[in-house]
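First the structure, in the form of structure tokens, and then the observations on it.
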Amino acid sequence: MWIPFFSSPKPIDNQKHAPDRKSRKLCWEKRDEFFNCLDKINILNSLDPKNAKAIKDNCSKEKSEFEFNCATSWIEYFQEKRVAEYKRQMVIKESNESLK
Amino acid sequence: MLKTLLPRTFKKPLSPSIKRLYSTPPEPLKKKVYSRIPLNSEPLKNPSKEYKKQGPDFEFATWKGLVLTGVVGAGVYVYFKHEKKRIQTQKEADSNRGVNKNSGYGKPLIGGPFELIDTNGNVFTQKDLEGKWSLVYFGFTHCPDICPEELDQLGEWLNILSSKGYTNMQPIFITCDPNRDTPEVIKDYLEEFHEGIVGLTGTHEQVKHVCKQYRVYFSTPKDVPKGQDYLVDHSIFFYLMDPQGEFVQALGRQYDGPAGAAKIMDHIDAYNEDVENGDLLAAKNKRWFDKSVLEK
């Protein structure tokens, strides 16, 4: 498992060079795999400490691959975005239903 | 009958003395009513023929009339629909440029002087926007998902535009992260996107200045330890600038896909039509019909 500040720097974290298309694609794929795993265990917010145990038990492989292949600043960003996106979809769904 | 002996040219009524000589008074000569005779012409010799229709029979209530009305009506409809769209596009551009019918050119709301360097190390200023249609995008190379998606979107627009013959385009990427985004980093980054995108960077002050000119919000986290990864928060818009370097429209995410390219083409068409008509501003207010009708 990759641990910030302790493990050796990840290639995508190279601050002297921007991530290229290939490494972005790999990161997005690993992110989607991790999120699919979260869907299976019905977890929305993976940053919430009370979900940590369930994630560790069921999605630890996906989580560590996601964290290794994505830039450090993106890890939190994508997880927050997942929650925000879900809320956004719910609002759209609600307003659509109220129009019916 | 004696009457027949009288010459036809004898126009004056017979004097009462002569009249008395005949048992029956001669019939008055048939003369056209004055209202039927053009004032400046000789009386018509044979009125009945002259007044006969010369052209082919044409009645407006016939099918020919209906077809003609339909064709003319459709033509007028199409023309005014085109004009209405053109004027709306133009009005949108004008309001963004700060042009007002009453006050003439105003201060542009977005854009203005700036100085940056491109990926080859050359100075790039607002003067370099002139002569081309520019699409300006602000972002940063370490951006997780939005910027690369938007730059791919820009590439799609440029492909659509060039396939339709709109080739005078200058796509520009301005970084909001001058610390990490040196000309070399931007150059490598942009190579994976549509060719010809101009990448610009500068000192922190220069970038801050250009962002302010374009009303771009961006924030870099403070006190980031050297070598640590961070995100830059920024607004997502494409700024369309006309060949005079003036702001036309900000294209947000609602213009994703072909809609954005269509909008850009509308703006270019409206602008070119004005340039063909001569003076840009004067041409706008000169139309043979009352423009205000279509503005509503």
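Naming works like this for the structure tokens: A, B, ... for the chains as they're shown, residue 1 at the start of each chain, ligands 1 onward in shown order.
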Could you list, as a ChimeraX atom specification, every residue of chain A that has an atom within 10 Å of an atom of chain B, counting only C-alpha atoms? /A:5,9,12-22,24-25,27-28,70-75,77-78
Which residues in range 69-296 of chain B does DSSP call alpha helix (DSSP H)? List them as a ChimeraX atom specification. /B:69-97,146-163,183-190,204-213,258-276,280-285,292-295
For the contact check between range 70-94 of chain A and range 36-54 of chain A, emit one row per residue of range 70-94 of chain A within 9 Å, containing the shortest atom pair and the distance in Å rounded to one decimal, counting only C-alpha atoms, chain then rising number order, as a tab-separated table.
```
residue	atom	partner	partner_atom	distance
A:Glu76	CA	A:Leu47	CA	7.8
A:Gln79	CA	A:Ser46	CA	6.5
A:Glu80	CA	A:Asn45	CA	7.5
A:Arg82	CA	A:Leu44	CA	7.6
A:Val83	CA	A:Asn45	CA	6.0
A:Tyr86	CA	A:Leu44	CA	8.2
```
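Rounded to one decimal, CA of Gln206 in chain B and CA of Ile172 in chain B lie 15.9 Å from each other.
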I'd like to know which of B:Lys91, B:Lys127, B:Lys164, B:Arg215 is closest to Ala261 in chain B, using only C-alpha atoms. B:Lys164
